[in-house]
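A.B. asks: Have a look at the structure that comes next, please.
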Amino acid sequence: MEEIRSLYEAGKRARAAAASHLAQREERFAWIRLLVFTAGAFLAFAVVRWEVPALWLFAPAALFGALVVAHARTIQARERTERAVAFYEAGMARLDGTWVGRGSGGERFLDPHHPYAADLDLFGRGSLFQRLSTARTRMGEEVLAGWLLAPASPAEVRERQRAVTELKDRLDLREDLAVLSSEVEAGVDAPALRAWAEAPVLLSGPGRIVAPVAVAATLATLALWWGGWIGPWPFLLAAAVETGIGLVFRARVRRVDAVVEKPGQDLELLAAVLARFELERFQAPLLARLRDALRSGETPPSQAVHRLSRLVALMDSRRNQLFTPFAYLLLWGTQLGFALEAWRARHGAAVGRWIDAVGTLEALSSLAGHTFENPGDPFPDVLEEGRAHFEAEGLAHPLLPAATAVRNDLAIGAGNATPQVLLVSGSNMSGKSTLLRAVGINVVLAQAGAPVRARRLRMTALSVGATLRIQDSLQEGTSRFFAEVQRLSDLVKLARGERPLLFLLDEILHGTNSHDRRLGAEGIVRGLLARGAVGLVTTHDLALAAIAEELGPTAANVHFEDRLENGRLTFDYTLRPGVVRRSNALELMRSVGLDV
C-alpha cells in the first residue's frame with residue numbers, strides 16, 4: 001500500500017509541477033498577445049494617419065493569430081494536467097479513506113424496489129459505485145452499474161478477473177482516460193446515439209450529387225455576374241433551382257437535424273476514449289474480443305466518430321445569425337444532412353459495438369484501478385455447480401478502512417456440518433447490520449468480477465436479497481412493516497429461480513408483536529431454506545434465537561458482544577458462537593441523559 005501511495009504522490013508532484021509551468025507560459029502568452037495587439041493597433045493608426053503601406057498590418061495580424069492558437073493549446077494542456085493532478089489526488093483519497101463525495105455516486109441507477117441495491121449502499125454518496133467508478137463516459141458508468149445490479153455467470157466472472165488482472169498495472173491508461181473530460185455528466189447520450197445509428201436512413205440517392213452541383217452553379221454565376229462578364233439572370237435561375245432543391249429536401253433535413261442533435265452532443269469525448277483504447281494491445285480473451293470490436297473497416301472508430309462530431313458541429317453552425325445567409329446560399333443544411341446520413345449508412349451498424357466496447361472497457365478499467373489500490377484483496381472462487389454456499393476467511397466490509405476493519409470468518413451451506421442460516425444476535429451498534437452488508441457487498445463484488453475484502457472467499461453463484469433499508473412510503477401508502485412483507489414476498493419468489501438465494505434479513509418483522517414475529521420469522525426462514533437458499537438473519541429479540549433450535553442443524557446462533565467500561569460502551573465487532581446474553585439499550589439511553 002505504501003508503494004502505491006508513493007507512486008501516486010510522485011505522479012501528483014510531477015503533474016503539479018507541469019501544471020505550474022504551463023500556467024506561467026499561459027500568462028506569458030497573454031502578455032505577448034497584448035503587446036502584439038497594441039503594436040497592431042499602432043500600425044493601423046499609422047496606416048490611416050500617415051499612409052503607411054497596409055501590408056505592414058499582415059505581420060502583427062499573422063503573429064496574433066498564431067499566438068491565439070498557441071495560447072489556446074497551452075490552456076488545454078494546463079487543464080489536462082490539472083485533471084491529472086486531480087486523478088492522483090482522488091487515488092490518494094481512496095487510499096486514505098477520504099474518498100466519500102468524490103466522483104459520481106450513480107444516483108440515477110438506484111431503484112428502491114431492487115432486491116439489494118439500496119440495502120447494500122451500491123449507489124449514492126459514500127457508495128460502492130462512488131468508490132469504484134473512474135468511468136469518463138455514461139456508457140462506462142452504465143456497464144459498471146449493470147454489473148453491480150445483476151450477477152454474472154461464473155464463466156463471465158473468470159473472464160472479467162483475467163481482464164482486470166491484465167489492466168490493473170496500466171496506470172498510464174487510467175490516467176489518460178481521467179484527463180479526457182472534466183465532467184462525465186456531459187457525456188454522450190449512448191441510448192439516443194445507438195437508436196439514431198440503427199434507424200433507417202432518411203436521405204440518400206442522387207440528391208447528394210445534385211445539391212453540391214447546384215451550389216457550384218450558383219457560386220459560379222454569382223462570381224461571373226460580380227465580375228461583369230454576364231447579367232444577373234443566370235445567377236437568379238441557379239439560385240431558384242437551388243431554392244427548389246432545398247424545399248424538396250427540407251422536411252427530411254429537419255428530421256435528420258432533430259434526431260442527431262441530442263446524440264451528437266459531446267461526441268469528441270467518445271472519440272477520445274476510442275482513440276486511447278485503440279492504442280492498447282491485449283492478451284486476455286475478453287479484452288481481445290473488445291479490441292476486435294473496435295476494428296471495423298478501414299477507418300478507425302475514433303476517426304469515424306470524430307468526423308461525425310465535426311458534421312454535427314457544422315450542421316449546428318447554420319443557427320448562427322451571421323452565417324445564416326451564407327448557409328442558405330450554400331444549401332448548408334441539405335448538404336450536411338446528406339453527409340450525416342451517408343455517415344450513418346456507412347458506420348451506423350458498428351456504433352452499437354463501439355458503445356458496448358467502450359462501456360465494458362471503462363468498467364473493467366474501474367475494477368482494475370480498485371484491484372491496483374487494494375493488493376491485499378484476492379479474487380474469489382465462484383463455482384458453477386454444487387450446493388449453495390458462502391465460505392469466507394477474514395471477511396470485512398470493503399468500504400471501511402482496511403487497516404481498522406475487524407475481520408471475521410463465516411461459513412453457511414458449505415457442507416453437511418455447516419448451517420444454511422445463521423441467526424445473528426447482539427445489542428445495538430454491535431455490528432450485526434454491518435456484517436450483513438459485508439457479506440452482501442462482497443458477493444456483489446465477487447459476481448461483478450472484482451476482488452473481495454477477505455483473505456479467502458469461496459462461493460457458488462448466488463442471487464442476493466436483503467431487507468436492511470426497508471422504509472415506509474407516503475407516496476405508495478405503505479407502512480414500514482408492509483413494505484418489509486412485500487420485500488420478503490419478492491425474496492421468496494427470487495428463491496424459486498435457477499440461482500440459489502443469499503438472503504440477508506435485518507431485524508426481521510420487528511414491526512409486529514413478539515408472538516406473530518416469532519412464528520412469522522420461523523415460517524419465512526423455513527420456506528427459504530426449503531428452496532435451497534442460504535443466509536443470515538439479525539435480531540436483538542432473544543426470543544427469535546430459539547428459531548435455531550426449531551430448525552435443527554440447518555441453523556445456528558452467533559452473536560456480537562459489548563462491554564461497559566468506565567461508563568462507556570465498547571465493541572470488538574468479533575463474531576462468536578451462541579446467543580448474546582445481555583442488552584445495552586438502557587445504557588445507551590442513559591448515556592445521552594434519558595432518565596430510565
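By convention in this document, the chains of the C-alpha cells carry letters A, B, ... by their order, each chain's residues are numbered from 1, and ligands are numbered from 1 in the order they are shown.
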For range 129-141 of chain A, find every residue with an atom within 8 Å (counting only C-alpha atoms), except residues of its own chain fewer than 6 positions away, and show them as a ChimeraX atom specification.
C.D. replies: /A:94,99-106,122-123,177-178,180-181,183-185,187-190,269-270,355-356,358-363,365-367,369-370,399
A.B. asks: Generate a file of the selected residues that holds C-alpha atoms, formatted as a CSV table (one decimal), in the first residue's frame.
C.D. replies:
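Result went into selection22.csv, see below:
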```
chain,number,residue,atom,x,y,z
A,94,ARG,CA,-9.2,6.4,-1.8
A,99,TRP,CA,-12.9,9.5,-0.9
A,100,VAL,CA,-16.5,10.0,0.1
A,101,GLY,CA,-18.1,12.7,-2.0
A,102,ARG,CA,-15.5,12.5,-4.8
A,103,GLY,CA,-16.9,11.5,-8.2
A,104,SER,CA,-20.3,10.3,-9.4
A,105,GLY,CA,-22.4,8.4,-6.9
A,106,GLY,CA,-24.6,6.9,-9.7
A,122,LEU,CA,-24.5,0.4,-4.0
A,123,PHE,CA,-25.3,4.0,-5.2
A,177,LEU,CA,-8.8,8.4,-19.5
A,178,ALA,CA,-9.1,10.6,-16.5
A,180,LEU,CA,-10.1,13.3,-21.3
A,181,SER,CA,-13.0,15.2,-19.8
A,183,GLU,CA,-17.4,16.3,-16.4
A,184,VAL,CA,-18.8,12.8,-17.1
A,185,GLU,CA,-22.4,14.2,-16.7
A,187,GLY,CA,-21.0,12.7,-21.7
A,188,VAL,CA,-22.6,11.0,-24.7
A,189,ASP,CA,-26.2,10.0,-24.6
A,190,ALA,CA,-25.5,6.4,-25.6
A,269,LEU,CA,-15.3,12.6,-25.6
A,270,LEU,CA,-16.3,9.3,-27.2
A,355,ILE,CA,-20.6,1.9,-27.5
A,356,ASP,CA,-20.7,-1.6,-25.8
A,358,VAL,CA,-16.1,1.4,-24.7
A,359,GLY,CA,-18.5,0.9,-21.8
A,360,THR,CA,-17.1,-2.5,-21.0
A,361,LEU,CA,-13.5,-1.4,-21.2
A,362,GLU,CA,-14.2,1.6,-18.9
A,363,ALA,CA,-16.0,-0.7,-16.4
A,365,SER,CA,-10.7,-0.2,-16.0
A,366,SER,CA,-12.6,0.9,-12.9
A,367,LEU,CA,-12.3,-2.6,-11.4
A,369,GLY,CA,-8.0,0.6,-10.5
A,370,HIS,CA,-9.7,-0.8,-7.4
A,399,LEU,CA,-15.9,0.5,2.2
```
A.B. asks: If we count only C-alpha atoms, what is near Arg469 in chain A at a cut-off of 9 Å, once residues fewer than 6 positions away on the same chain are taken out, given as a ChimeraX atom specification?
C.D. replies: /A:116,118-120,506
A.B. asks: Go ahead and write the selection's residues with C-alpha atoms as a compact mmCIF listing (two decimals), in the first residue's frame.
C.D. replies:
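Listing of out27.txt after writing:
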```txt
# COMPACT_ATOMS: atom_id res chain seq x y z
CA TYR A 116 -30.42 -5.26 -2.62
CA ALA A 118 -30.31 0.37 -1.53
CA ASP A 119 -29.73 -2.15 1.27
CA LEU A 120 -26.06 -2.59 0.39
CA ASP A 506 -32.07 -7.41 9.29
```
A.B. asks: Considering only C-alpha atoms, state which residue in the set A:Gln321, A:Asn374, A:Ser430, A:Ser463 is at the smallest distance from Phe571 in chain A.
C.D. replies: A:Ser430
A.B. asks: Residues at most 9 Å from Glu507 in chain A, counting only C-alpha atoms, excluding those fewer than 3 positions away in the same chain, as a count of residues only?
C.D. replies: 9
A.B. asks: Return the single residue from A:Trp50, A:Phe64, A:Trp343, A:Phe277 that is closest to Asp172 in chain A, with distances computed using only C-alpha atoms.
C.D. replies: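 For Asp172 in chain A, the nearest of the candidates is A:Phe277.
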A.B. asks: Skipping near chain neighbours, those fewer than 3 positions away, what residues fall within 6 Å of Arg80 in chain A using only C-alpha atoms, listed as an NGL selection string?
C.D. replies: :A and (77 or 83 or 179)
A.B. asks: Can you pull out the residues contacting Leu462 in chain A? Cut-off 7 Å, using only C-alpha atoms, and skip same-chain residues under 2 positions away; I want them as a list of chain:residue names.
C.D. replies: A:Thr460, A:Val464, A:Arg499, A:Pro500, A:Leu501, A:Leu502
A.B. asks: Which residue, A:Arg276, A:Phe372, A:Ala357, A:Gly65, has the smallest gap to Leu95 in chain A when you use only C-alpha atoms?
C.D. replies: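 For Leu95 in chain A, the nearest of the candidates is A:Phe372.
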A.B. asks: Need to verify the contact set: range 288-297 of chain A, 12 Å, only C-alpha atoms, exclusion of same-chain residues closer than 5 positions in sequence. Can you return it as a ChimeraX atom specification?
C.D. replies: /A:159-160,162-163,166,271,273-283,302-305,346-362,364
A.B. asks: Store the residues picked out above, limited to N, CA and C atoms, as a tab-separated table (two decimals), in the first residue's frame.
C.D. replies:
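Dumped everything to selection_29.tsv:
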```
chain	number	residue	atom	x	y	z
A	159	GLU	N	-13.67	-14.55	-16.74
A	159	GLU	CA	-13.19	-13.73	-17.86
A	159	GLU	C	-12.86	-12.31	-17.41
A	160	ARG	N	-13.74	-11.74	-16.60
A	160	ARG	CA	-13.50	-10.38	-16.11
A	160	ARG	C	-12.30	-10.35	-15.18
A	162	ARG	N	-9.61	-12.18	-15.37
A	162	ARG	CA	-8.40	-12.19	-16.20
A	162	ARG	C	-8.17	-10.81	-16.82
A	163	ALA	N	-9.24	-10.19	-17.30
A	163	ALA	CA	-9.12	-8.87	-17.91
A	163	ALA	C	-8.66	-7.83	-16.89
A	166	GLU	N	-4.99	-8.14	-16.11
A	166	GLU	CA	-4.13	-7.57	-17.15
A	166	GLU	C	-4.12	-6.04	-17.09
A	271	ALA	N	-14.89	9.97	-29.03
A	271	ALA	CA	-13.79	9.79	-29.97
A	271	ALA	C	-12.46	9.69	-29.24
A	273	VAL	N	-11.91	8.68	-26.10
A	273	VAL	CA	-11.83	7.41	-25.38
A	273	VAL	C	-11.52	6.28	-26.36
A	274	LEU	N	-12.19	6.28	-27.50
A	274	LEU	CA	-11.93	5.26	-28.52
A	274	LEU	C	-10.47	5.32	-28.97
A	275	ALA	N	-9.97	6.54	-29.24
A	275	ALA	CA	-8.59	6.69	-29.70
A	275	ALA	C	-7.61	6.13	-28.67
A	276	ARG	N	-7.89	6.35	-27.39
A	276	ARG	CA	-6.97	5.86	-26.36
A	276	ARG	C	-6.98	4.34	-26.29
A	277	PHE	N	-8.16	3.73	-26.38
A	277	PHE	CA	-8.23	2.28	-26.32
A	277	PHE	C	-7.64	1.64	-27.57
A	278	GLU	N	-7.71	2.34	-28.72
A	278	GLU	CA	-7.15	1.79	-29.95
A	278	GLU	C	-5.64	1.62	-29.89
A	279	LEU	N	-4.99	2.32	-28.96
A	279	LEU	CA	-3.53	2.21	-28.82
A	279	LEU	C	-3.11	0.96	-28.05
A	280	GLU	N	-4.06	0.34	-27.34
A	280	GLU	CA	-3.71	-0.78	-26.47
A	280	GLU	C	-3.67	-2.11	-27.21
A	281	ARG	N	-2.86	-3.01	-26.70
A	281	ARG	CA	-2.80	-4.40	-27.18
A	281	ARG	C	-3.08	-5.30	-25.98
A	282	PHE	N	-4.03	-6.23	-26.13
A	282	PHE	CA	-4.49	-7.03	-25.01
A	282	PHE	C	-4.27	-8.52	-25.26
A	283	GLN	N	-4.15	-9.28	-24.16
A	283	GLN	CA	-3.99	-10.73	-24.23
A	283	GLN	C	-5.20	-11.46	-23.67
A	302	SER	N	-12.37	5.84	-33.77
A	302	SER	CA	-12.14	7.18	-33.22
A	302	SER	C	-12.20	8.23	-34.32
A	303	GLN	N	-11.62	7.93	-35.48
A	303	GLN	CA	-11.66	8.88	-36.59
A	303	GLN	C	-13.08	9.04	-37.13
A	304	ALA	N	-13.81	7.91	-37.19
A	304	ALA	CA	-15.18	7.97	-37.70
A	304	ALA	C	-16.05	8.82	-36.76
A	305	VAL	N	-15.92	8.62	-35.45
A	305	VAL	CA	-16.73	9.39	-34.50
A	305	VAL	C	-16.31	10.85	-34.51
A	346	ARG	N	-22.80	4.18	-43.58
A	346	ARG	CA	-21.51	3.50	-43.60
A	346	ARG	C	-21.14	2.92	-42.24
A	347	HIS	N	-21.39	3.67	-41.17
A	347	HIS	CA	-20.90	3.25	-39.86
A	347	HIS	C	-21.99	2.90	-38.85
A	348	GLY	N	-23.24	3.16	-39.17
A	348	GLY	CA	-24.30	3.00	-38.18
A	348	GLY	C	-24.38	1.62	-37.56
A	349	ALA	N	-24.17	0.58	-38.36
A	349	ALA	CA	-24.28	-0.78	-37.83
A	349	ALA	C	-23.21	-1.08	-36.79
A	350	ALA	N	-22.09	-0.35	-36.83
A	350	ALA	CA	-20.99	-0.62	-35.90
A	350	ALA	C	-21.07	0.21	-34.63
A	351	VAL	N	-21.92	1.23	-34.60
A	351	VAL	CA	-21.95	2.14	-33.45
A	351	VAL	C	-22.30	1.41	-32.16
A	352	GLY	N	-23.26	0.49	-32.22
A	352	GLY	CA	-23.63	-0.27	-31.03
A	352	GLY	C	-22.45	-1.05	-30.46
A	353	ARG	N	-21.66	-1.66	-31.36
A	353	ARG	CA	-20.48	-2.41	-30.89
A	353	ARG	C	-19.47	-1.47	-30.25
A	354	TRP	N	-19.27	-0.30	-30.84
A	354	TRP	CA	-18.32	0.66	-30.27
A	354	TRP	C	-18.76	1.09	-28.88
A	355	ILE	N	-20.04	1.41	-28.75
A	355	ILE	CA	-20.56	1.86	-27.45
A	355	ILE	C	-20.40	0.77	-26.40
A	356	ASP	N	-20.77	-0.47	-26.76
A	356	ASP	CA	-20.65	-1.58	-25.81
A	356	ASP	C	-19.20	-1.81	-25.43
A	357	ALA	N	-18.30	-1.74	-26.42
A	357	ALA	CA	-16.88	-1.99	-26.15
A	357	ALA	C	-16.31	-0.92	-25.23
A	358	VAL	N	-16.63	0.34	-25.49
A	358	VAL	CA	-16.12	1.43	-24.65
A	358	VAL	C	-16.67	1.30	-23.23
A	359	GLY	N	-17.96	1.03	-23.10
A	359	GLY	CA	-18.55	0.89	-21.77
A	359	GLY	C	-17.91	-0.25	-20.99
A	360	THR	N	-17.72	-1.39	-21.64
A	360	THR	CA	-17.12	-2.54	-20.96
A	360	THR	C	-15.67	-2.27	-20.59
A	361	LEU	N	-14.92	-1.67	-21.50
A	361	LEU	CA	-13.52	-1.36	-21.21
A	361	LEU	C	-13.39	-0.37	-20.04
A	362	GLU	N	-14.27	0.61	-20.00
A	362	GLU	CA	-14.21	1.57	-18.89
A	362	GLU	C	-14.60	0.91	-17.56
A	364	LEU	N	-14.22	-2.26	-16.80
A	364	LEU	CA	-13.08	-3.10	-16.43
A	364	LEU	C	-11.94	-2.25	-15.88
```
A.B. asks: In range 143-330 of chain A, what's alpha helix (DSSP H) per DSSP? Answer as number ranges by chain?
C.D. replies: A: 143-149, 154-167, 171-178, 190-198, 207-226, 233-261, 267-278, 285-293, 301-317, 324-329
A.B. asks: Could you state the separation of CA of Phe482 in chain A and CA of Phe109 in chain A in Å, given to one decimal place?
C.D. replies: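 Interatomic distance, CA of Phe482 in chain A to CA of Phe109 in chain A: 24.5 Å.
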A.B. asks: Quote the spacing between CA of Arg208 in chain A and CA of Leu331 in chain A in Å to one decimal place.
C.D. replies: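 It comes out at 11.2 Å.
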A.B. asks: Of the candidates A:Thr324, A:Asn408, A:Ser20, A:Thr243, which one gets nearest to Gly431 in chain A if we count only C-alpha atoms?
C.D. replies: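 Among the listed residues, the smallest separation from Gly431 in chain A belongs to A:Asn408.
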